[in-house]
file target-v3.csv (CSV, N, CA and C atoms)
chain,number,residue,atom,x,y,z
A,985,MET,N,23.9,-21.9,175.1
A,985,MET,CA,24.5,-21.9,173.8
A,985,MET,C,25.2,-20.5,173.7
A,986,GLU,N,26.4,-20.6,173.0
A,986,GLU,CA,27.2,-19.4,172.7
A,986,GLU,C,27.7,-19.4,171.3
A,987,LEU,N,27.7,-18.2,170.7
A,987,LEU,CA,28.3,-18.1,169.4
A,987,LEU,C,29.7,-17.5,169.6
A,988,VAL,N,30.7,-18.2,169.1
A,988,VAL,CA,32.1,-17.9,169.3
A,988,VAL,C,32.8,-17.6,167.9
A,989,GLU,N,33.6,-16.5,167.9
A,989,GLU,CA,34.2,-16.1,166.6
A,989,GLU,C,35.0,-17.2,166.0
A,990,TYR,N,34.8,-17.4,164.7
A,990,TYR,CA,35.6,-18.3,163.9
A,990,TYR,C,37.0,-17.8,163.7
A,991,THR,N,38.0,-18.7,163.8
A,991,THR,CA,39.4,-18.4,163.7
A,991,THR,C,40.1,-19.3,162.8
A,992,ASP,N,41.4,-19.0,162.6
A,992,ASP,CA,42.3,-19.9,161.8
A,992,ASP,C,42.4,-21.3,162.4
A,993,ALA,N,42.1,-21.5,163.7
A,993,ALA,CA,42.2,-22.8,164.4
A,993,ALA,C,41.0,-23.7,164.1
A,994,ASP,N,40.0,-23.2,163.3
A,994,ASP,CA,38.8,-23.9,163.1
A,994,ASP,C,38.7,-24.6,161.8
A,995,GLN,N,39.8,-24.9,161.1
A,995,GLN,CA,39.7,-25.6,159.9
A,995,GLN,C,39.1,-27.0,160.1
A,996,TRP,N,39.4,-27.6,161.2
A,996,TRP,CA,38.8,-29.0,161.5
A,996,TRP,C,37.3,-28.9,161.4
A,997,LEU,N,36.7,-27.8,161.9
A,997,LEU,CA,35.2,-27.7,161.9
A,997,LEU,C,34.7,-27.6,160.4
A,998,VAL,N,35.4,-26.9,159.6
A,998,VAL,CA,35.0,-26.8,158.2
A,998,VAL,C,35.1,-28.2,157.6
A,999,GLU,N,36.1,-28.9,157.8
A,999,GLU,CA,36.3,-30.3,157.3
A,999,GLU,C,35.1,-31.2,157.8
A,1000,ALA,N,34.9,-31.1,159.1
A,1000,ALA,CA,33.8,-32.0,159.7
A,1000,ALA,C,32.5,-31.7,159.1
A,1001,LEU,N,32.2,-30.4,158.9
A,1001,LEU,CA,30.9,-30.0,158.3
A,1001,LEU,C,30.8,-30.2,156.8
A,1002,GLU,N,31.7,-29.8,156.1
A,1002,GLU,CA,31.6,-29.7,154.7
A,1002,GLU,C,32.0,-30.9,153.9
A,1003,THR,N,32.5,-31.9,154.6
A,1003,THR,CA,32.7,-33.2,154.0
A,1003,THR,C,31.7,-34.3,154.4
A,1004,ASP,N,30.7,-33.8,155.2
A,1004,ASP,CA,29.7,-34.7,155.7
A,1004,ASP,C,28.5,-34.7,154.8
A,1005,ALA,N,28.2,-35.9,154.2
A,1005,ALA,CA,27.1,-36.0,153.2
A,1005,ALA,C,25.8,-35.5,153.8
A,1006,GLY,N,25.5,-35.8,155.0
A,1006,GLY,CA,24.2,-35.5,155.6
A,1006,GLY,C,24.1,-33.9,155.8
A,1007,VAL,N,25.2,-33.3,156.3
A,1007,VAL,CA,25.2,-31.9,156.5
A,1007,VAL,C,25.0,-31.2,155.1
A,1008,MET,N,25.7,-31.7,154.1
A,1008,MET,CA,25.8,-31.0,152.8
A,1008,MET,C,24.7,-31.4,151.8
A,1009,ALA,N,23.8,-32.3,152.3
A,1009,ALA,CA,22.8,-32.9,151.4
A,1009,ALA,C,21.9,-31.8,150.6
A,1010,GLU,N,21.6,-30.7,151.3
A,1010,GLU,CA,20.8,-29.6,150.7
A,1010,GLU,C,21.7,-28.5,150.2
A,1011,LEU,N,23.0,-28.7,150.2
A,1011,LEU,CA,23.9,-27.6,149.8
A,1011,LEU,C,24.8,-28.0,148.6
A,1012,GLY,N,24.4,-28.9,147.8
A,1012,GLY,CA,25.2,-29.3,146.7
A,1012,GLY,C,26.1,-30.5,146.9
A,1013,GLY,N,26.0,-31.2,148.0
A,1013,GLY,CA,26.8,-32.3,148.3
A,1013,GLY,C,28.1,-32.0,149.0
A,1014,PRO,N,28.8,-33.0,149.6
A,1014,PRO,CA,30.0,-32.8,150.3
A,1014,PRO,C,31.2,-32.3,149.4
A,1015,TRP,N,32.0,-31.5,150.0
A,1015,TRP,CA,33.2,-31.1,149.3
A,1015,TRP,C,34.3,-32.2,149.5
A,1016,PRO,N,35.2,-32.3,148.6
A,1016,PRO,CA,36.4,-33.2,148.8
A,1016,PRO,C,37.3,-32.6,149.8
A,1017,ARG,N,38.0,-33.5,150.6
A,1017,ARG,CA,38.9,-33.0,151.6
A,1017,ARG,C,40.0,-32.0,151.1
A,1018,ASP,N,40.4,-32.2,149.9
A,1018,ASP,CA,41.5,-31.3,149.4
A,1018,ASP,C,41.0,-29.9,149.1
A,1019,ALA,N,39.7,-29.7,149.1
A,1019,ALA,CA,39.1,-28.4,148.9
A,1019,ALA,C,39.0,-27.6,150.2
A,1020,ILE,N,39.1,-28.3,151.4
A,1020,ILE,CA,38.9,-27.6,152.7
A,1020,ILE,C,39.8,-26.5,153.0
A,1021,PRO,N,41.1,-26.6,152.7
A,1021,PRO,CA,42.0,-25.4,153.0
A,1021,PRO,C,41.6,-24.2,152.3
A,1022,SER,N,41.2,-24.3,151.0
A,1022,SER,CA,40.8,-23.0,150.3
A,1022,SER,C,39.5,-22.5,150.8
A,1023,ILE,N,38.5,-23.4,151.2
A,1023,ILE,CA,37.3,-22.9,151.8
A,1023,ILE,C,37.5,-22.2,153.1
A,1024,HIS,N,38.4,-22.8,153.9
A,1024,HIS,CA,38.7,-22.2,155.2
A,1024,HIS,C,39.4,-20.8,155.0
A,1025,ARG,N,40.3,-20.7,154.0
A,1025,ARG,CA,41.0,-19.5,153.7
A,1025,ARG,C,40.0,-18.4,153.3
A,1026,ARG,N,39.1,-18.8,152.4
A,1026,ARG,CA,38.1,-17.8,151.9
A,1026,ARG,C,37.2,-17.4,153.0
A,1027,ARG,N,36.8,-18.3,153.9
A,1027,ARG,CA,36.0,-17.9,155.0
A,1027,ARG,C,36.7,-16.9,155.9
A,1028,LEU,N,37.9,-17.1,156.2
A,1028,LEU,CA,38.7,-16.1,157.0
A,1028,LEU,C,38.8,-14.8,156.2
A,1029,GLU,N,38.9,-14.8,154.9
A,1029,GLU,CA,38.9,-13.5,154.1
A,1029,GLU,C,37.6,-12.8,154.3
A,1030,HIS,N,36.5,-13.6,154.2
A,1030,HIS,CA,35.1,-13.0,154.3
A,1030,HIS,C,35.0,-12.4,155.7
A,1031,VAL,N,35.5,-13.0,156.8
A,1031,VAL,CA,35.4,-12.5,158.1
A,1031,VAL,C,36.2,-11.2,158.2
A,1032,ALA,N,37.4,-11.2,157.6
A,1032,ALA,CA,38.2,-10.0,157.6
A,1032,ALA,C,37.6,-8.8,156.9
A,1033,LYS,N,36.7,-9.1,156.0
A,1033,LYS,CA,36.0,-8.0,155.2
A,1033,LYS,C,34.6,-7.7,155.9
A,1034,GLY,N,34.3,-8.3,157.0
A,1034,GLY,CA,33.1,-7.9,157.7
A,1034,GLY,C,32.0,-8.9,157.8
A,1035,SER,N,32.1,-10.0,157.1
A,1035,SER,CA,31.1,-11.1,157.3
A,1035,SER,C,31.1,-11.6,158.7
A,1036,TRP,N,30.0,-12.0,159.2
A,1036,TRP,CA,30.0,-12.6,160.5
A,1036,TRP,C,30.0,-14.1,160.3
A,1037,TYR,N,30.9,-14.8,161.0
A,1037,TYR,CA,31.0,-16.3,160.9
A,1037,TYR,C,31.3,-16.7,162.3
A,1038,PHE,N,30.5,-17.5,162.9
A,1038,PHE,CA,30.6,-17.9,164.3
A,1038,PHE,C,30.5,-19.4,164.4
A,1039,LYS,N,31.2,-20.0,165.4
A,1039,LYS,CA,31.0,-21.4,165.8
A,1039,LYS,C,29.8,-21.5,166.8
A,1040,ILE,N,29.1,-22.5,166.7
A,1040,ILE,CA,28.0,-22.8,167.6
A,1040,ILE,C,28.5,-23.7,168.7
A,1041,VAL,N,28.5,-23.1,169.9
A,1041,VAL,CA,29.1,-23.9,171.1
A,1041,VAL,C,27.9,-24.1,172.1
A,1042,PRO,N,27.5,-25.3,172.3
A,1042,PRO,CA,26.3,-25.6,173.0
A,1042,PRO,C,26.4,-25.3,174.5
A,1043,ALA,N,27.6,-25.4,175.1
A,1043,ALA,CA,27.8,-25.2,176.5
A,1043,ALA,C,29.2,-24.7,176.8
A,1044,PRO,N,29.4,-24.0,177.9
A,1044,PRO,CA,30.8,-23.6,178.2
A,1044,PRO,C,31.7,-24.9,178.2
A,1045,GLU,N,32.9,-24.7,177.7
A,1045,GLU,CA,33.9,-25.8,177.6
A,1045,GLU,C,33.6,-26.9,176.6
A,1046,ALA,N,32.4,-26.8,176.0
A,1046,ALA,CA,32.0,-27.9,175.0
A,1046,ALA,C,32.6,-27.5,173.6
A,1047,PRO,N,32.9,-28.5,172.8
A,1047,PRO,CA,33.4,-28.3,171.5
A,1047,PRO,C,32.3,-27.7,170.6
A,1048,PRO,N,32.6,-27.0,169.6
A,1048,PRO,CA,31.6,-26.5,168.6
A,1048,PRO,C,30.8,-27.6,168.0
A,1049,VAL,N,29.6,-27.4,167.7
A,1049,VAL,CA,28.7,-28.4,167.0
A,1049,VAL,C,28.3,-27.9,165.6
A,1050,GLY,N,28.7,-26.7,165.3
A,1050,GLY,CA,28.3,-26.2,164.0
A,1050,GLY,C,28.8,-24.8,163.8
A,1051,ALA,N,28.2,-24.1,162.8
A,1051,ALA,CA,28.6,-22.7,162.5
A,1051,ALA,C,27.4,-22.0,161.9
A,1052,ILE,N,27.4,-20.7,162.1
A,1052,ILE,CA,26.4,-19.8,161.6
A,1052,ILE,C,27.0,-18.6,161.0
A,1053,THR,N,26.5,-18.1,159.9
A,1053,THR,CA,27.1,-16.9,159.2
A,1053,THR,C,26.1,-16.0,158.7
A,1054,LEU,N,26.4,-14.7,158.7
A,1054,LEU,CA,25.7,-13.6,158.1
A,1054,LEU,C,26.7,-12.9,157.1
A,1055,TRP,N,26.2,-12.7,155.9
A,1055,TRP,CA,27.1,-12.1,154.9
A,1055,TRP,C,26.3,-11.3,154.0
A,1056,THR,N,27.0,-10.4,153.2
A,1056,THR,CA,26.3,-9.6,152.2
A,1056,THR,C,26.8,-10.1,150.9
A,1057,SER,N,25.9,-10.0,149.9
A,1057,SER,CA,26.2,-10.3,148.5
A,1057,SER,C,25.4,-9.5,147.6
A,1058,ASP,N,25.6,-9.7,146.3
A,1058,ASP,CA,24.9,-8.9,145.3
A,1058,ASP,C,23.9,-9.8,144.6
A,1059,TRP,N,22.7,-9.3,144.4
A,1059,TRP,CA,21.7,-10.0,143.6
A,1059,TRP,C,20.9,-9.0,142.8
A,1060,ASN,N,20.9,-9.3,141.5
A,1060,ASN,CA,20.3,-8.4,140.5
A,1060,ASN,C,20.8,-6.9,140.7
A,1061,GLY,N,22.1,-6.8,141.0
A,1061,GLY,CA,22.7,-5.5,141.1
A,1061,GLY,C,22.4,-4.7,142.4
A,1062,GLU,N,21.7,-5.4,143.3
A,1062,GLU,CA,21.4,-4.8,144.6
A,1062,GLU,C,22.1,-5.6,145.7
A,1063,PRO,N,22.6,-4.9,146.8
A,1063,PRO,CA,23.2,-5.6,147.9
A,1063,PRO,C,22.1,-6.3,148.7
A,1064,ILE,N,22.3,-7.5,149.2
A,1064,ILE,CA,21.4,-8.2,150.0
A,1064,ILE,C,22.2,-8.8,151.2
A,1065,SER,N,21.5,-9.2,152.3
A,1065,SER,CA,22.1,-9.9,153.4
A,1065,SER,C,21.6,-11.3,153.4
A,1066,GLU,N,22.4,-12.2,153.7
A,1066,GLU,CA,22.1,-13.6,153.8
A,1066,GLU,C,22.5,-14.2,155.1
A,1067,ALA,N,21.8,-15.3,155.5
A,1067,ALA,CA,22.2,-16.1,156.7
A,1067,ALA,C,22.2,-17.6,156.4
A,1068,GLY,N,23.1,-18.3,157.0
A,1068,GLY,CA,23.1,-19.7,156.8
A,1068,GLY,C,23.8,-20.4,158.0
A,1069,TRP,N,23.5,-21.6,158.2
A,1069,TRP,CA,24.1,-22.4,159.3
A,1069,TRP,C,24.3,-23.8,158.9
A,1070,MET,N,25.2,-24.5,159.6
A,1070,MET,CA,25.4,-25.9,159.5
A,1070,MET,C,25.6,-26.5,160.9
A,1071,VAL,N,25.0,-27.7,161.1
A,1071,VAL,CA,25.2,-28.4,162.4
A,1071,VAL,C,25.7,-29.8,162.1
A,1072,LEU,N,26.7,-30.2,162.9
A,1072,LEU,CA,27.2,-31.6,162.7
A,1072,LEU,C,26.0,-32.6,162.8
A,1073,SER,N,26.1,-33.6,162.0
A,1073,SER,CA,25.0,-34.6,161.9
A,1073,SER,C,24.6,-35.2,163.3
A,1074,ALA,N,25.6,-35.4,164.1
A,1074,ALA,CA,25.4,-36.0,165.4
A,1074,ALA,C,24.6,-35.1,166.3
A,1075,HIS,N,24.5,-33.8,166.0
A,1075,HIS,CA,23.9,-32.8,166.9
A,1075,HIS,C,22.6,-32.2,166.2
A,1076,GLU,N,22.2,-32.7,165.0
A,1076,GLU,CA,21.0,-32.2,164.3
A,1076,GLU,C,19.8,-32.8,165.0
A,1077,VAL,N,18.8,-31.9,165.0
A,1077,VAL,CA,17.5,-32.4,165.5
A,1077,VAL,C,16.4,-31.9,164.5
A,1078,ASP,N,15.3,-32.6,164.5
A,1078,ASP,CA,14.1,-32.1,163.8
A,1078,ASP,C,13.3,-31.2,164.7
A,1079,VAL,N,12.9,-30.1,164.1
A,1079,VAL,CA,12.1,-29.1,164.9
A,1079,VAL,C,10.7,-29.1,164.2
A,1080,ASP,N,9.7,-29.3,165.1
A,1080,ASP,CA,8.3,-29.2,164.6
A,1080,ASP,C,7.9,-27.7,164.6
A,1081,TYR,N,7.6,-27.2,163.5
A,1081,TYR,CA,7.2,-25.8,163.4
A,1081,TYR,C,5.9,-25.7,162.7
A,1082,GLY,N,4.9,-25.6,163.6
A,1082,GLY,CA,3.5,-25.6,163.1
A,1082,GLY,C,3.1,-26.8,162.3
A,1083,GLY,N,3.5,-28.0,162.7
A,1083,GLY,CA,3.2,-29.2,162.0
A,1083,GLY,C,4.1,-29.5,160.9
A,1084,ARG,N,5.1,-28.7,160.6
A,1084,ARG,CA,6.1,-28.9,159.6
A,1084,ARG,C,7.4,-29.3,160.3
A,1085,ILE,N,8.1,-30.3,159.8
A,1085,ILE,CA,9.4,-30.7,160.3
A,1085,ILE,C,10.4,-29.9,159.6
A,1086,LEU,N,11.2,-29.1,160.3
A,1086,LEU,CA,12.3,-28.3,159.7
A,1086,LEU,C,13.6,-29.0,159.9
A,1087,ARG,N,14.4,-29.3,158.9
A,1087,ARG,CA,15.8,-29.7,159.0
A,1087,ARG,C,16.4,-29.2,157.7
A,1088,CYS,N,17.0,-28.1,157.8
A,1088,CYS,CA,17.6,-27.5,156.7
A,1088,CYS,C,18.7,-26.5,157.1
A,1089,ASN,N,19.7,-26.3,156.2
A,1089,ASN,CA,20.8,-25.4,156.5
A,1089,ASN,C,20.6,-24.0,156.0
A,1090,HIS,N,19.8,-23.9,154.9
A,1090,HIS,CA,19.6,-22.6,154.3
A,1090,HIS,C,18.3,-22.7,153.5
A,1091,TRP,N,17.5,-21.7,153.7
A,1091,TRP,CA,16.2,-21.7,153.1
A,1091,TRP,C,16.1,-20.7,152.0
A,1092,VAL,N,15.4,-21.1,150.9
A,1092,VAL,CA,15.0,-20.2,149.9
A,1092,VAL,C,13.5,-20.4,149.6
A,1093,LEU,N,12.7,-19.4,149.5
A,1093,LEU,CA,11.3,-19.5,149.3
A,1093,LEU,C,11.0,-20.1,147.9
A,1094,PRO,N,10.0,-21.0,147.8
A,1094,PRO,CA,9.7,-21.5,146.5
A,1094,PRO,C,9.4,-20.4,145.5
A,1095,GLY,N,9.8,-20.6,144.3
A,1095,GLY,CA,9.6,-19.5,143.3
A,1095,GLY,C,10.6,-18.5,143.2
A,1096,ALA,N,11.5,-18.4,144.2
A,1096,ALA,CA,12.6,-17.4,144.2
A,1096,ALA,C,13.6,-17.8,143.2
A,1097,PRO,N,14.2,-16.8,142.4
A,1097,PRO,CA,15.2,-17.2,141.5
A,1097,PRO,C,16.4,-17.9,142.1
A,1098,GLU,N,17.0,-18.9,141.5
A,1098,GLU,CA,18.1,-19.6,142.0
A,1098,GLU,C,19.3,-18.7,142.0
A,1099,ARG,N,20.2,-18.8,143.0
A,1099,ARG,CA,21.4,-18.0,143.0
A,1099,ARG,C,22.5,-18.9,143.6
A,1100,PRO,N,23.8,-18.6,143.5
A,1100,PRO,CA,24.8,-19.4,144.0
A,1100,PRO,C,24.7,-19.7,145.5
A,1101,GLY,N,25.4,-20.7,146.0
A,1101,GLY,CA,25.3,-21.1,147.4
A,1101,GLY,C,25.9,-20.2,148.4
A,1102,SER,N,26.4,-20.8,149.5
A,1102,SER,CA,26.8,-20.0,150.7
A,1102,SER,C,28.1,-19.2,150.5
A,1103,ALA,N,28.4,-18.4,151.5
A,1103,ALA,CA,29.6,-17.6,151.5
A,1103,ALA,C,30.8,-18.4,151.1
A,1104,GLY,N,31.6,-18.0,150.1
A,1104,GLY,CA,32.8,-18.7,149.7
A,1104,GLY,C,32.5,-19.8,148.8
A,1105,ASP,N,31.3,-20.1,148.4
A,1105,ASP,CA,30.9,-21.2,147.6
A,1105,ASP,C,30.3,-20.7,146.3
A,1106,ASP,N,30.9,-21.0,145.2
A,1106,ASP,CA,30.5,-20.6,143.9
A,1106,ASP,C,29.6,-21.6,143.1
A,1107,ARG,N,29.3,-22.8,143.8
A,1107,ARG,CA,28.5,-23.8,143.1
A,1107,ARG,C,27.0,-23.4,143.2
A,1108,PRO,N,26.2,-23.6,142.1
A,1108,PRO,CA,24.8,-23.3,142.2
A,1108,PRO,C,24.2,-24.5,143.0
A,1109,VAL,N,23.2,-24.2,143.8
A,1109,VAL,CA,22.5,-25.3,144.5
A,1109,VAL,C,21.0,-25.0,144.5
A,1110,GLU,N,20.2,-26.1,144.6
A,1110,GLU,CA,18.8,-26.0,144.6
A,1110,GLU,C,18.3,-26.2,146.0
A,1111,ARG,N,17.5,-25.3,146.5
A,1111,ARG,CA,17.0,-25.4,147.9
A,1111,ARG,C,15.6,-24.9,147.9
A,1112,GLU,N,14.8,-25.4,148.7
A,1112,GLU,CA,13.4,-24.8,148.9
A,1112,GLU,C,12.9,-25.2,150.2
A,1113,VAL,N,11.9,-24.5,150.7
A,1113,VAL,CA,11.2,-24.8,151.9
A,1113,VAL,C,10.2,-25.8,151.5
A,1114,ARG,N,10.1,-26.9,152.2
A,1114,ARG,CA,9.2,-28.0,152.0
A,1114,ARG,C,8.2,-28.0,153.1
A,1115,GLY,N,6.9,-28.2,152.8
A,1115,GLY,CA,6.0,-28.3,154.0
A,1115,GLY,C,4.6,-28.2,153.6

call {"tool": "encode", "arguments": {"input": "target-v3.csv", "output": "structure tokens"}}
result
Amino acid sequence: MELVEYTDADQWLVEALETDAGVMAELGGPWPRDAIPSIHRRRLEHVAKGSWYFKIVPAPEAPPVGAITLWTSDWNGEPISEAGWMVLSAHEVDVDYGGRILRCNHWVLPGAPERPGSAGDDRPVEREVRG
């Protein structure tokens, strides 16, 4: 597996991921296709400002199957670092982690205050670790 830098040529991946109801089920639901260009543009702006956004490539010469990102944001007046990832539904797997099945794009601990969604997304979302 390799992480490859996200570029302007990757708008198709944003569309494939962010319009997929399964991928977006825990992230507020799928985006409409007409929102994809602005999401892609914002993502590129975040990368230009130092956020890490990479494509997940499972093998050399294989097409990307998802994306992973690390970014900074502000919470309660303090800078924090966040991580998130998305994997195309056809490439998702369940992982047994100590008897708990994990299938999630972004985790928030139960009881943590709710905050807006992923980089470039201003919609509030509800997420929690189940198990």

call {"tool": "atom_distance", "arguments": {"input": "target-v3.csv", "atom1": "atom N of Tyr1037 (chain A)", "atom2": "atom C of Asn1060 (chain A)"}}
result
24.0 Å

call {"tool": "residues_around", "arguments": {"input": "target-v3.csv", "residues": "Trp1055 (chain A)", "least_positions_apart": "6", "cutoff": "7 Å", "atoms": "all atoms listed in the file", "output": "PyMOL selection string"}}
result
chain A and resi 1034-1036+1064-1068+1103

call {"tool": "residues_around", "arguments": {"input": "target-v3.csv", "residues": "Glu989 (chain A)", "least_positions_apart": "2", "cutoff": "6.5 Å", "atoms": "only N, CA and C atoms", "output": "MDAnalysis selection string"}}
result
chainID A and resid 987 991 1037:1039

call {"tool": "atom_distance", "arguments": {"input": "target-v3.csv", "atom1": "CA of Arg1017 (chain A)", "atom2": "CA of Trp1069 (chain A)"}}
result
19.8 Å

call {"tool": "atom_distance", "arguments": {"input": "target-v3.csv", "atom1": "atom C of Thr1053 (chain A)", "atom2": "atom N of Gly1083 (chain A)"}}
result
25.9 Å

call {"tool": "closest_residue", "arguments": {"input": "target-v3.csv", "among": "A:Ala1051, A:Ala1046, A:Glu1002, A:Tyr990", "to": "Arg1027 (chain A)", "atoms": "only N, CA and C atoms"}}
result
A:Tyr990

call {"tool": "closest_atom_pairs", "arguments": {"input": "target-v3.csv", "of": "region 1004-1078 of chain A", "to": "region 992-1000 of chain A", "cutoff": "7 Å", "atoms": "only N, CA and C atoms", "output": "CSV"}}
result
residue,atom,partner,partner_atom,distance
A:Asp1004,N,A:Ala1000,C,4.8
A:Arg1017,CA,A:Glu999,CA,6.8
A:Ile1020,CA,A:Glu999,CA,5.9
A:His1024,CA,A:Gln995,CA,5.9
A:Leu1028,CA,A:Asp992,N,6.9
A:Leu1072,CA,A:Ala1000,C,6.4
